[in-house]
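Right, one structure below, let's go through it.
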Amino acid sequence: MKREQWKSQIGFLMAAVGSAIGLGNIWRFSYMAYSYGGGAFLIPYLTALVTAGIPLLILEFAIGHERIGSAPLAYAKIKKNWEWLGWWAVTFVMFGIVLYYVVIISWCLNYFLLSFNLGWGSDPNAYFYKKFLSLSSSPSKIGEIRTPIFFSLILIWFINWVIVYRGVQKGIELANKIFMPMLFVLTAVLVFWSINLDGASIGIRAYLTPDFSKLSNPKVWIDAYSQIFFTLSLGFGIMIAYASYLPEKSDISKSAILTAFINSGYSLFAGFAVFSVLGFMAKAQSKEISEVVSQSIGLAFVAYPKAVSLMPGGNLFGALFFFCLVVAGISSSVSIIEAFTSAMVDKFALKRRPLVTTICILGFLGSIVFTTEAGLLWLDIVDHFLTNYGLVVVGIAECILAGWLFDIYILKRHINKVSSIRMGRLWVALIRYFVPLMLAIMLAGSLKAEVTKPYGGYPWAAISLIGVNWIILTILAAVVFALRPWKTENLKKVGRGQRHR
Ligand code: TRP
């Protein structure tokens with residue numbers, strides 16, 4: 001079977017950017033910048049981008065492109081008994097991160113519709129937690145499925161299914177070529193609208209006024225690295241699969257650098273809308289910024305609805321905002337469905353269409369638990385474990401595998417053969433020493449916090465049953481996949497660069 005290919009370099013770039021830009025860019029970055037020194041945060045953030053984000057993204061592109069395969073195939077071609085690592089990455093993201101990520105996109109879809117008549121009423125906080133989620137008091141009290149969330153979940157999975165079903169060119173590439181420019185234009189509308197609101201400057205000042213004293217706190221630096229890691233979809237196995245669809249002649253390092261800067265530029269830009277609106281709200285309610293600010297779910301589903309209700313023409317503003325979240329979210333979720341699909345096709349020669357249909361149905365079924373009354377609690381626990389441990393461990397292993405157990409110069413030569421921007425010894429040193437070290441520090445920090453007190457104050461039983469088991473089960477699944485025999489000849493073909501010794 002011939003490997004699918006992108007139609008154009010720009011299509012590949014849009015798809016990579018689409019995967020990178022997600023909910024995290026809109027609600028996580030700006031809050032981090034605000035609380036970690038405003039404009040001064042750009043120093044650790046850009047340092048992390050240049051010293052870890054870009055080198056790793058180049059590595060992942062190179063692995064996918066040179067070894068010509070999705071994560072499991074590419075890793076197996078690097079070292080036969082490391083195939084499980086690739087399976088683990090695509091499995092815990094597909095049957096972990098995506099399951100709840102898609103539910104959050106469904107909330108956004110509900111809120112998009114609610115915006116038109118400000119359906120959250122006068123108390124958005126109570127509306128969100130009590131009425132909309134009907135949040136239960138503990139992870140073990142599952143309660144009922146929330147029907148409005150359930151129905152929009154069906155729609156969101158359906159859209160994901162349509163896009164991935166249609167294949168690389170006609171599905172993923174086409175969707176991102178429409179979604180990304182649309183997202184940029186709509187975000188620009190939001191930014192220009194919000195910076196003209198009364199009080200916007202208060203918010204922007206809070207967002208960007210540099211406070212260099214914050215930079216002496218190591219946590220600021222560690223969190224900058226983890227944000228870069230998550231926002232660039234590193235360790236997901238996505239960028240490897242995407243790069244494997246590139247034609248022979250493809251400028252890898254330039255694409256990686258462009259992806260990284262477009263992604264971070266988008267975060268920085270969207271932050272203006274986020275903080276202008278918070279400034280507007282602070283002024284309208286004569287409060288301090290610190291009293292109205294919030295992040296992630298609290299920002300999108302409580303603070304923003306509040307502000308939208310106060311704003312003239314707010315319903316349209318709210319609808320635009322939630323629409324942007326939906327678009328940014330879907331372009332990320334399709335990327336991992338594709339990475340998993342690609343892995344299954346590479347190894348088992350399955351037919352794409354029935355495969356994608358099956359994956360989406362299983363994914364939909366797996367998502368349902370997150371639409372229950374305990375959904376947010378489960379989401380919080382699973383997210384904590386998969387992002388803090390899963391992704392980080394994969395990142396470290398990836399560096400060890402490529403940098404130490406393999407002749408990394410094969411990859412380096414390959415990059416330099418096809419790219420306009422050359423990698424030198426510094427890149428090799430970053431992959432071998434610096435990036436794994438930073439990731440190990442992140443991991444140690446998380447582990448230390450874990451043993452000192454259970455995450456988020458949840459009972460230990462819930463944490464180990466939900467969080468730890470999710471990790472163990474996905475590892476088991478990965479090992480099972482890795483032990484199955486190859487149904488294709490893919491493994492026999494070596495990479496594009498020098499032969500594997
Ligand atoms: N980069 C995305 C963000 O910032 C996260 C993400 C990337 C993601 N790929 C994904 C989430 C695949 C779920 C599935 O939000």
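Starting from 1 in every chain, residues are counted up; chains themselves are A, B, ... following the order of the structure tokens, and ligands are numbered from 1 as listed.
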
Quiz item: Using the chain letters and numbers from this document, which residues of region 19-167 of chain A does DSSP assign to alpha helix (DSSP H), as a ChimeraX atom specification?
Solution: /A:19-20,23-27,29-35,42-48,54-67,71-78,83-92,98-116,124-126,147-165,167

Please report, as a tab-separated table, each residue of chain A lying at most 10 Å from ligand 1, together with the nearest pair of atoms and the separation in Å rounded to one decimal; use only C-alpha atoms and all ligand atoms, and order rows by chain and ascending residue number.
```
residue	atom	partner	partner_atom_place_in_ligand_line	distance
A:Ala16	CA	ligand 1	9 (N)	9.3
A:Val17	CA	ligand 1	1 (N)	8.8
A:Gly18	CA	ligand 1	1 (N)	8.3
A:Ser19	CA	ligand 1	9 (N)	5.0
A:Ala20	CA	ligand 1	1 (N)	3.9
A:Ile21	CA	ligand 1	1 (N)	5.2
A:Gly22	CA	ligand 1	15 (O)	3.4
A:Leu23	CA	ligand 1	15 (O)	4.0
A:Gly24	CA	ligand 1	15 (O)	3.6
A:Asn25	CA	ligand 1	4 (O)	5.0
A:Ile26	CA	ligand 1	4 (O)	7.9
A:Trp27	CA	ligand 1	15 (O)	8.8
A:Arg28	CA	ligand 1	4 (O)	8.1
A:Phe29	CA	ligand 1	4 (O)	8.8
A:Val90	CA	ligand 1	12 (C)	9.7
A:Val93	CA	ligand 1	14 (C)	6.4
A:Met94	CA	ligand 1	14 (C)	7.2
A:Phe95	CA	ligand 1	14 (C)	9.9
A:Gly96	CA	ligand 1	13 (C)	8.9
A:Ile97	CA	ligand 1	13 (C)	5.5
A:Val98	CA	ligand 1	13 (C)	4.8
A:Leu99	CA	ligand 1	13 (C)	8.3
A:Tyr100	CA	ligand 1	13 (C)	8.3
A:Tyr101	CA	ligand 1	13 (C)	5.5
A:Val102	CA	ligand 1	13 (C)	7.7
A:Gln227	CA	ligand 1	4 (O)	8.2
A:Ile228	CA	ligand 1	4 (O)	8.7
A:Phe229	CA	ligand 1	1 (N)	8.4
A:Phe230	CA	ligand 1	1 (N)	5.5
A:Thr231	CA	ligand 1	1 (N)	3.7
A:Leu232	CA	ligand 1	1 (N)	5.3
A:Ser233	CA	ligand 1	7 (C)	4.3
A:Leu234	CA	ligand 1	7 (C)	8.0
A:Gly235	CA	ligand 1	9 (N)	9.6
A:Phe236	CA	ligand 1	9 (N)	7.0
A:Gly237	CA	ligand 1	9 (N)	9.3
A:Ile238	CA	ligand 1	9 (N)	7.2
A:Met239	CA	ligand 1	9 (N)	9.2
A:Asn263	CA	ligand 1	4 (O)	8.8
A:Ser264	CA	ligand 1	4 (O)	10.0
A:Ser267	CA	ligand 1	4 (O)	9.1
A:Leu325	CA	ligand 1	15 (O)	9.7
A:Ala328	CA	ligand 1	15 (O)	7.9
A:Gly329	CA	ligand 1	15 (O)	6.9
A:Ile330	CA	ligand 1	14 (C)	8.6
A:Ser331	CA	ligand 1	9 (N)	8.2
A:Ser332	CA	ligand 1	10 (C)	4.5
A:Ser333	CA	ligand 1	14 (C)	4.3
A:Val334	CA	ligand 1	12 (C)	7.1
A:Ser335	CA	ligand 1	12 (C)	5.9
A:Ile336	CA	ligand 1	12 (C)	4.9
A:Ile337	CA	ligand 1	12 (C)	7.9
A:Glu338	CA	ligand 1	12 (C)	9.7
A:Ala339	CA	ligand 1	12 (C)	9.3
A:Thr387	CA	ligand 1	11 (C)	9.9
```

Quiz prompt | Gap from CA of Phe128 (chain A) to CA of Pro312 (chain A) - Å, one decimal | solution =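 Going from CA of Phe128 (chain A) over to CA of Pro312 (chain A), I get 22.2 Å.
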
Self-check item: Ile10 (chain A) surroundings by only C-alpha atoms, 10 Å radius, close-in-sequence under 6 positions cut, as a list in words
Solution: Ala16, Glu173, Lys177 and Ser255 of chain A

Self-check item: Selection: 9 Å around Ile289 (chain A), only C-alpha atoms, excl. self and same-chain fewer than 2 positions, as a PyMOL selection string
Solution: chain A and resi 202-203+206+278-279+281-283+287+291-293

Go ahead and write the residues just picked, all heavy atoms, as an mmCIF file, in the first residue's frame.
```cif
data_model
loop_
_atom_site.group_PDB
_atom_site.id
_atom_site.type_symbol
_atom_site.label_atom_id
_atom_site.label_comp_id
_atom_site.auth_asym_id
_atom_site.auth_seq_id
_atom_site.Cartn_x
_atom_site.Cartn_y
_atom_site.Cartn_z
ATOM 1 N N ILE A 202 -6.460 48.097 31.385
ATOM 2 C CA ILE A 202 -6.147 47.584 32.727
ATOM 3 C C ILE A 202 -5.735 46.112 32.613
ATOM 4 O O ILE A 202 -4.765 45.670 33.225
ATOM 5 C CB ILE A 202 -7.389 47.660 33.646
ATOM 6 C CG1 ILE A 202 -7.954 49.071 33.678
ATOM 7 C CG2 ILE A 202 -7.074 47.159 35.057
ATOM 8 C CD1 ILE A 202 -9.265 49.193 34.420
ATOM 9 N N GLY A 203 -6.501 45.399 31.820
ATOM 10 C CA GLY A 203 -6.218 43.975 31.654
ATOM 11 C C GLY A 203 -4.896 43.749 30.960
ATOM 12 O O GLY A 203 -4.087 42.914 31.381
ATOM 13 N N ALA A 206 -2.039 44.253 33.193
ATOM 14 C CA ALA A 206 -1.837 43.113 34.106
ATOM 15 C C ALA A 206 -1.183 41.936 33.382
ATOM 16 O O ALA A 206 -0.335 41.236 33.931
ATOM 17 C CB ALA A 206 -3.170 42.679 34.696
ATOM 18 N N LEU A 278 -11.010 40.693 30.620
ATOM 19 C CA LEU A 278 -10.932 40.700 32.085
ATOM 20 C C LEU A 278 -10.808 42.135 32.614
ATOM 21 O O LEU A 278 -11.400 42.480 33.636
ATOM 22 C CB LEU A 278 -9.762 39.833 32.559
ATOM 23 C CG LEU A 278 -9.894 38.331 32.245
ATOM 24 C CD1 LEU A 278 -8.632 37.579 32.647
ATOM 25 C CD2 LEU A 278 -11.118 37.716 32.929
ATOM 26 N N GLY A 279 -10.045 42.956 31.890
ATOM 27 C CA GLY A 279 -9.907 44.360 32.280
ATOM 28 C C GLY A 279 -11.241 45.078 32.207
ATOM 29 O O GLY A 279 -11.626 45.832 33.111
ATOM 30 N N MET A 281 -14.132 43.751 32.506
ATOM 31 C CA MET A 281 -14.993 43.289 33.580
ATOM 32 C C MET A 281 -14.600 43.914 34.915
ATOM 33 O O MET A 281 -15.453 44.303 35.705
ATOM 34 C CB MET A 281 -14.925 41.775 33.678
ATOM 35 C CG MET A 281 -15.997 41.240 34.552
ATOM 36 S SD MET A 281 -16.364 39.556 34.167
ATOM 37 C CE MET A 281 -14.879 38.749 34.621
ATOM 38 N N ALA A 282 -13.283 44.008 35.138
ATOM 39 C CA ALA A 282 -12.820 44.613 36.388
ATOM 40 C C ALA A 282 -13.359 46.034 36.492
ATOM 41 O O ALA A 282 -13.886 46.455 37.525
ATOM 42 C CB ALA A 282 -11.297 44.603 36.432
ATOM 43 N N LYS A 283 -13.264 46.768 35.372
ATOM 44 C CA LYS A 283 -13.729 48.153 35.392
ATOM 45 C C LYS A 283 -15.239 48.211 35.584
ATOM 46 O O LYS A 283 -15.736 48.968 36.417
ATOM 47 C CB LYS A 283 -13.319 48.814 34.076
ATOM 48 C CG LYS A 283 -13.847 50.215 33.893
ATOM 49 C CD LYS A 283 -12.736 51.215 33.679
ATOM 50 C CE LYS A 283 -13.256 52.623 33.815
ATOM 51 N NZ LYS A 283 -12.920 53.447 32.662
ATOM 52 N N LYS A 287 -13.790 46.239 40.294
ATOM 53 C CA LYS A 287 -13.013 45.282 41.082
ATOM 54 C C LYS A 287 -11.572 45.322 40.614
ATOM 55 O O LYS A 287 -11.246 45.923 39.596
ATOM 56 C CB LYS A 287 -13.544 43.869 40.860
ATOM 57 C CG LYS A 287 -14.840 43.584 41.576
ATOM 58 C CD LYS A 287 -15.201 42.124 41.400
ATOM 59 C CE LYS A 287 -16.469 41.784 42.157
ATOM 60 N NZ LYS A 287 -17.100 40.580 41.644
ATOM 61 N N GLU A 291 -9.269 39.915 41.188
ATOM 62 C CA GLU A 291 -10.519 39.315 41.645
ATOM 63 C C GLU A 291 -11.317 38.702 40.503
ATOM 64 O O GLU A 291 -12.200 37.885 40.739
ATOM 65 C CB GLU A 291 -11.403 40.367 42.323
ATOM 66 C CG GLU A 291 -10.866 40.878 43.642
ATOM 67 C CD GLU A 291 -11.707 42.034 44.144
ATOM 68 O OE1 GLU A 291 -12.824 41.785 44.617
ATOM 69 O OE2 GLU A 291 -11.250 43.192 44.004
ATOM 70 N N VAL A 292 -11.058 39.141 39.292
ATOM 71 C CA VAL A 292 -11.862 38.621 38.179
ATOM 72 C C VAL A 292 -11.115 37.594 37.336
ATOM 73 O O VAL A 292 -11.707 36.866 36.567
ATOM 74 C CB VAL A 292 -12.365 39.754 37.241
ATOM 75 C CG1 VAL A 292 -13.273 40.696 37.994
ATOM 76 C CG2 VAL A 292 -11.213 40.496 36.601
ATOM 77 N N VAL A 293 -9.803 37.537 37.545
ATOM 78 C CA VAL A 293 -8.998 36.681 36.678
ATOM 79 C C VAL A 293 -9.221 35.210 37.028
ATOM 80 O O VAL A 293 -9.487 34.868 38.180
ATOM 81 C CB VAL A 293 -7.509 37.056 36.829
ATOM 82 C CG1 VAL A 293 -6.957 36.552 38.132
ATOM 83 C CG2 VAL A 293 -6.690 36.539 35.665
#
```

Practice problem: Choose the residue, out of A:Pro210, A:Tyr455, A:Leu365, A:Leu56, that has the smallest atom-to-atom separation from Val394 (chain A); count only C-alpha atoms. | Solution: A:Leu56

Exercise. Tell me, as a list of chain:residue names, which residues lie within 10 Å of Gly495 (chain A), counting only C-alpha atoms; anything in the same chain fewer than 5 positions away does not count.
Key: A:Ile63, A:Gly64, A:His65, A:Glu66, A:Arg67, A:Ile68, A:Gly69, A:Ala74, A:Lys77, A:Ile78, A:Ile410, A:Leu411, A:His414, A:His500

Exercise. Please provide the set of residues having any atom within 9 Å of Lys412 (chain A), restricted to only C-alpha atoms, with same-chain residues fewer than 6 positions apart removed, written as a ChimeraX atom specification.
Key: /A:59,62,422-424,427-428

Those same residues, written as a compact mmCIF listing (two decimals), in the first residue's frame with N, CA, C and O atoms?
```txt
# COMPACT_ATOMS: atom_id res chain seq x y z
N LEU A 59 13.27 17.01 16.08
CA LEU A 59 13.56 15.58 16.25
C LEU A 59 12.35 14.74 15.83
O LEU A 59 12.48 13.76 15.10
N ALA A 62 11.92 14.73 12.21
CA ALA A 62 12.98 13.95 11.57
C ALA A 62 12.72 12.45 11.73
O ALA A 62 12.90 11.68 10.79
N ARG A 422 20.31 24.38 9.02
CA ARG A 422 21.08 23.19 9.39
C ARG A 422 21.17 23.00 10.89
O ARG A 422 21.19 23.96 11.65
N MET A 423 21.23 21.76 11.31
CA MET A 423 21.41 21.45 12.73
C MET A 423 22.87 21.07 12.94
O MET A 423 23.46 20.34 12.14
N GLY A 424 23.40 21.55 14.06
CA GLY A 424 24.80 21.26 14.34
C GLY A 424 24.95 20.45 15.61
O GLY A 424 24.01 19.79 16.06
N TRP A 427 22.43 21.06 18.56
CA TRP A 427 21.15 20.35 18.53
C TRP A 427 21.31 18.95 19.13
O TRP A 427 20.50 18.51 19.97
N VAL A 428 22.37 18.27 18.75
CA VAL A 428 22.62 16.93 19.28
C VAL A 428 22.76 16.98 20.80
O VAL A 428 22.17 16.17 21.53
```

For region 218-222 of chain A, please output as a PDB file with all heavy atoms, in the first residue's frame all residues within 9 Å (counting only C-alpha atoms; exclusion window: fewer than 3 positions along the same chain).
```
ATOM      1  N   MET A  32      -0.859  31.928  32.581  1.00  0.00           N
ATOM      2  CA  MET A  32       0.511  31.679  33.035  1.00  0.00           C
ATOM      3  C   MET A  32       1.346  32.932  32.952  1.00  0.00           C
ATOM      4  O   MET A  32       2.081  33.270  33.873  1.00  0.00           O
ATOM      5  CB  MET A  32       1.157  30.660  32.107  1.00  0.00           C
ATOM      6  CG  MET A  32       1.173  29.306  32.661  1.00  0.00           C
ATOM      7  SD  MET A  32       2.249  28.354  31.590  1.00  0.00           S
ATOM      8  CE  MET A  32       2.711  27.167  32.758  1.00  0.00           C
ATOM      9  N   TYR A  36       2.975  34.628  36.154  1.00  0.00           N
ATOM     10  CA  TYR A  36       4.409  34.377  36.240  1.00  0.00           C
ATOM     11  C   TYR A  36       5.246  35.536  35.719  1.00  0.00           C
ATOM     12  O   TYR A  36       6.245  35.323  35.040  1.00  0.00           O
ATOM     13  CB  TYR A  36       4.769  33.105  35.476  1.00  0.00           C
ATOM     14  CG  TYR A  36       4.379  31.821  36.185  1.00  0.00           C
ATOM     15  CD1 TYR A  36       4.421  30.606  35.517  1.00  0.00           C
ATOM     16  CD2 TYR A  36       3.999  31.819  37.514  1.00  0.00           C
ATOM     17  CE1 TYR A  36       4.080  29.422  36.161  1.00  0.00           C
ATOM     18  CE2 TYR A  36       3.649  30.643  38.164  1.00  0.00           C
ATOM     19  CZ  TYR A  36       3.697  29.443  37.485  1.00  0.00           C
ATOM     20  OH  TYR A  36       3.374  28.274  38.108  1.00  0.00           O
ATOM     21  N   GLY A  37       4.826  36.736  36.021  1.00  0.00           N
ATOM     22  CA  GLY A  37       5.706  37.856  35.720  1.00  0.00           C
ATOM     23  C   GLY A  37       5.358  38.642  34.470  1.00  0.00           C
ATOM     24  O   GLY A  37       6.159  39.433  33.991  1.00  0.00           O
ATOM     25  N   PHE A  41       7.641  36.927  31.719  1.00  0.00           N
ATOM     26  CA  PHE A  41       7.464  35.490  31.486  1.00  0.00           C
ATOM     27  C   PHE A  41       7.921  35.089  30.093  1.00  0.00           C
ATOM     28  O   PHE A  41       8.279  33.935  29.853  1.00  0.00           O
ATOM     29  CB  PHE A  41       5.998  35.087  31.703  1.00  0.00           C
ATOM     30  CG  PHE A  41       5.730  33.624  31.485  1.00  0.00           C
ATOM     31  CD1 PHE A  41       6.261  32.672  32.350  1.00  0.00           C
ATOM     32  CD2 PHE A  41       4.965  33.188  30.414  1.00  0.00           C
ATOM     33  CE1 PHE A  41       6.026  31.318  32.156  1.00  0.00           C
ATOM     34  CE2 PHE A  41       4.725  31.823  30.206  1.00  0.00           C
ATOM     35  CZ  PHE A  41       5.258  30.897  31.089  1.00  0.00           C
ATOM     36  N   PRO A  44      11.465  33.084  30.196  1.00  0.00           N
ATOM     37  CA  PRO A  44      11.487  31.610  30.313  1.00  0.00           C
ATOM     38  C   PRO A  44      10.717  30.921  29.194  1.00  0.00           C
ATOM     39  O   PRO A  44      11.135  29.858  28.711  1.00  0.00           O
ATOM     40  CB  PRO A  44      10.828  31.328  31.670  1.00  0.00           C
ATOM     41  CG  PRO A  44      10.243  32.597  32.118  1.00  0.00           C
ATOM     42  CD  PRO A  44      10.921  33.713  31.404  1.00  0.00           C
ATOM     43  N   TYR A  45       9.632  31.536  28.775  1.00  0.00           N
ATOM     44  CA  TYR A  45       8.801  30.893  27.756  1.00  0.00           C
ATOM     45  C   TYR A  45       9.559  30.734  26.443  1.00  0.00           C
ATOM     46  O   TYR A  45       9.616  29.662  25.856  1.00  0.00           O
ATOM     47  CB  TYR A  45       7.523  31.721  27.560  1.00  0.00           C
ATOM     48  CG  TYR A  45       6.558  31.158  26.546  1.00  0.00           C
ATOM     49  CD1 TYR A  45       5.745  30.083  26.863  1.00  0.00           C
ATOM     50  CD2 TYR A  45       6.462  31.708  25.268  1.00  0.00           C
ATOM     51  CE1 TYR A  45       4.851  29.568  25.932  1.00  0.00           C
ATOM     52  CE2 TYR A  45       5.573  31.207  24.334  1.00  0.00           C
ATOM     53  CZ  TYR A  45       4.768  30.141  24.674  1.00  0.00           C
ATOM     54  OH  TYR A  45       3.893  29.630  23.748  1.00  0.00           O
ATOM     55  N   ALA A  48      12.413  28.289  26.772  1.00  0.00           N
ATOM     56  CA  ALA A  48      11.945  26.902  26.676  1.00  0.00           C
ATOM     57  C   ALA A  48      11.627  26.543  25.229  1.00  0.00           C
ATOM     58  O   ALA A  48      11.909  25.439  24.770  1.00  0.00           O
ATOM     59  CB  ALA A  48      10.713  26.709  27.556  1.00  0.00           C
ATOM     60  N   LYS A 214       9.844  37.574  39.568  1.00  0.00           N
ATOM     61  CA  LYS A 214       9.231  36.238  39.508  1.00  0.00           C
ATOM     62  C   LYS A 214      10.169  35.201  38.883  1.00  0.00           C
ATOM     63  O   LYS A 214      10.037  34.000  39.122  1.00  0.00           O
ATOM     64  CB  LYS A 214       7.947  36.284  38.663  1.00  0.00           C
ATOM     65  CG  LYS A 214       6.815  37.063  39.286  1.00  0.00           C
ATOM     66  CD  LYS A 214       5.820  36.135  39.968  1.00  0.00           C
ATOM     67  CE  LYS A 214       4.860  36.832  40.896  1.00  0.00           C
ATOM     68  NZ  LYS A 214       3.867  37.647  40.240  1.00  0.00           N
ATOM     69  N   LEU A 215      11.108  35.681  38.089  1.00  0.00           N
ATOM     70  CA  LEU A 215      11.949  34.741  37.350  1.00  0.00           C
ATOM     71  C   LEU A 215      12.937  33.988  38.222  1.00  0.00           C
ATOM     72  O   LEU A 215      13.550  33.026  37.784  1.00  0.00           O
ATOM     73  CB  LEU A 215      12.706  35.460  36.223  1.00  0.00           C
ATOM     74  CG  LEU A 215      11.834  36.171  35.196  1.00  0.00           C
ATOM     75  CD1 LEU A 215      12.669  36.635  34.025  1.00  0.00           C
ATOM     76  CD2 LEU A 215      10.706  35.272  34.724  1.00  0.00           C
ATOM     77  N   TYR A 225       8.566  25.233  30.596  1.00  0.00           N
ATOM     78  CA  TYR A 225       8.932  24.071  29.787  1.00  0.00           C
ATOM     79  C   TYR A 225       7.740  23.146  29.593  1.00  0.00           C
ATOM     80  O   TYR A 225       7.517  22.626  28.504  1.00  0.00           O
ATOM     81  CB  TYR A 225      10.117  23.308  30.401  1.00  0.00           C
ATOM     82  CG  TYR A 225      11.443  23.921  30.008  1.00  0.00           C
ATOM     83  CD1 TYR A 225      11.969  24.982  30.742  1.00  0.00           C
ATOM     84  CD2 TYR A 225      12.131  23.494  28.879  1.00  0.00           C
ATOM     85  CE1 TYR A 225      13.155  25.580  30.370  1.00  0.00           C
ATOM     86  CE2 TYR A 225      13.325  24.095  28.498  1.00  0.00           C
ATOM     87  CZ  TYR A 225      13.834  25.132  29.243  1.00  0.00           C
ATOM     88  OH  TYR A 225      14.995  25.734  28.856  1.00  0.00           O
ATOM     89  N   SER A 226       6.944  22.955  30.648  1.00  0.00           N
ATOM     90  CA  SER A 226       5.843  22.017  30.467  1.00  0.00           C
ATOM     91  C   SER A 226       4.770  22.597  29.548  1.00  0.00           C
ATOM     92  O   SER A 226       4.159  21.874  28.770  1.00  0.00           O
ATOM     93  CB  SER A 226       5.286  21.536  31.806  1.00  0.00           C
ATOM     94  OG  SER A 226       4.461  22.494  32.366  1.00  0.00           O
ATOM     95  N   GLN A 227       4.566  23.906  29.610  1.00  0.00           N
ATOM     96  CA  GLN A 227       3.591  24.515  28.689  1.00  0.00           C
ATOM     97  C   GLN A 227       4.044  24.348  27.232  1.00  0.00           C
ATOM     98  O   GLN A 227       3.256  23.998  26.362  1.00  0.00           O
ATOM     99  CB  GLN A 227       3.385  25.997  29.031  1.00  0.00           C
ATOM    100  CG  GLN A 227       2.611  26.800  27.995  1.00  0.00           C
ATOM    101  CD  GLN A 227       1.138  26.407  27.885  1.00  0.00           C
ATOM    102  OE1 GLN A 227       0.658  25.538  28.608  1.00  0.00           O
ATOM    103  NE2 GLN A 227       0.420  27.028  26.960  1.00  0.00           N
ATOM    104  N   MET A 438      15.783  18.512  31.556  1.00  0.00           N
ATOM    105  CA  MET A 438      14.665  19.395  31.926  1.00  0.00           C
ATOM    106  C   MET A 438      13.407  18.585  32.192  1.00  0.00           C
ATOM    107  O   MET A 438      12.655  18.842  33.134  1.00  0.00           O
ATOM    108  CB  MET A 438      14.371  20.396  30.799  1.00  0.00           C
ATOM    109  CG  MET A 438      15.303  21.558  30.695  1.00  0.00           C
ATOM    110  SD  MET A 438      15.639  22.362  32.262  1.00  0.00           S
ATOM    111  CE  MET A 438      14.009  23.004  32.692  1.00  0.00           C
ATOM    112  N   LEU A 439      13.172  17.593  31.326  1.00  0.00           N
ATOM    113  CA  LEU A 439      11.983  16.767  31.508  1.00  0.00           C
ATOM    114  C   LEU A 439      12.070  15.968  32.805  1.00  0.00           C
ATOM    115  O   LEU A 439      11.090  15.815  33.520  1.00  0.00           O
ATOM    116  CB  LEU A 439      11.803  15.829  30.305  1.00  0.00           C
ATOM    117  CG  LEU A 439      11.404  16.523  29.003  1.00  0.00           C
ATOM    118  CD1 LEU A 439      11.532  15.577  27.828  1.00  0.00           C
ATOM    119  CD2 LEU A 439       9.973  17.027  29.086  1.00  0.00           C
ATOM    120  N   ILE A 441      13.619  16.867  35.470  1.00  0.00           N
ATOM    121  CA  ILE A 441      13.359  17.783  36.581  1.00  0.00           C
ATOM    122  C   ILE A 441      11.858  17.987  36.758  1.00  0.00           C
ATOM    123  O   ILE A 441      11.319  17.983  37.865  1.00  0.00           O
ATOM    124  CB  ILE A 441      14.073  19.135  36.345  1.00  0.00           C
ATOM    125  CG1 ILE A 441      15.588  18.943  36.387  1.00  0.00           C
ATOM    126  CG2 ILE A 441      13.626  20.170  37.372  1.00  0.00           C
ATOM    127  CD1 ILE A 441      16.376  20.190  36.054  1.00  0.00           C
ATOM    128  N   MET A 442      11.160  18.125  35.624  1.00  0.00           N
ATOM    129  CA  MET A 442       9.701  18.270  35.686  1.00  0.00           C
ATOM    130  C   MET A 442       9.071  17.053  36.350  1.00  0.00           C
ATOM    131  O   MET A 442       8.179  17.162  37.189  1.00  0.00           O
ATOM    132  CB  MET A 442       9.132  18.382  34.264  1.00  0.00           C
ATOM    133  CG  MET A 442       9.026  19.796  33.769  1.00  0.00           C
ATOM    134  SD  MET A 442       8.984  19.862  31.964  1.00  0.00           S
ATOM    135  CE  MET A 442       7.564  18.922  31.571  1.00  0.00           C
ATOM    136  N   GLY A 445       9.713  16.927  40.047  1.00  0.00           N
ATOM    137  CA  GLY A 445       8.857  17.899  40.738  1.00  0.00           C
ATOM    138  C   GLY A 445       7.448  17.356  40.917  1.00  0.00           C
ATOM    139  O   GLY A 445       6.858  17.460  41.995  1.00  0.00           O
TER     140      GLY A 445
END
```

Exercise. Give the answer as one residue: which of A:Ala478, A:Leu109, A:Arg413, A:Leu379 has the shortest atom-to-atom distance to Leu153 (chain A), using only C-alpha atoms?
Key: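 Using only C-alpha atoms, the shortest distance to Leu153 (chain A) belongs to A:Leu109.
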
Quiz prompt | Pick from A:Ser216, A:Trp88, A:Gly121, A:Ala270 nearest to Ile472 (chain A), counting only C-alpha atoms | solution = A:Trp88

Quiz item: Quick one: of A:Asn196, A:Ser464, A:Ser106, A:Asn117, who's nearest to Thr147 (chain A), counting only C-alpha atoms?
Solution: A:Ser106

Practice problem: May I ask for the distance between CA of Trp120 (chain A) and CA of Phe275 (chain A), given in Å to one decimal place? | Solution: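 If I compute the distance from CA of Trp120 (chain A) to CA of Phe275 (chain A), I get 21.4 Å.
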
Quiz item: For Ser250 (chain A), which residue among A:Val479, A:Ile415, A:Asn315, A:Leu46 is the nearest when counting only C-alpha atoms?
Solution: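 Checking each of A:Val479, A:Ile415, A:Asn315, A:Leu46 against Ser250 (chain A), counting only C-alpha atoms, the winner is A:Ile415.
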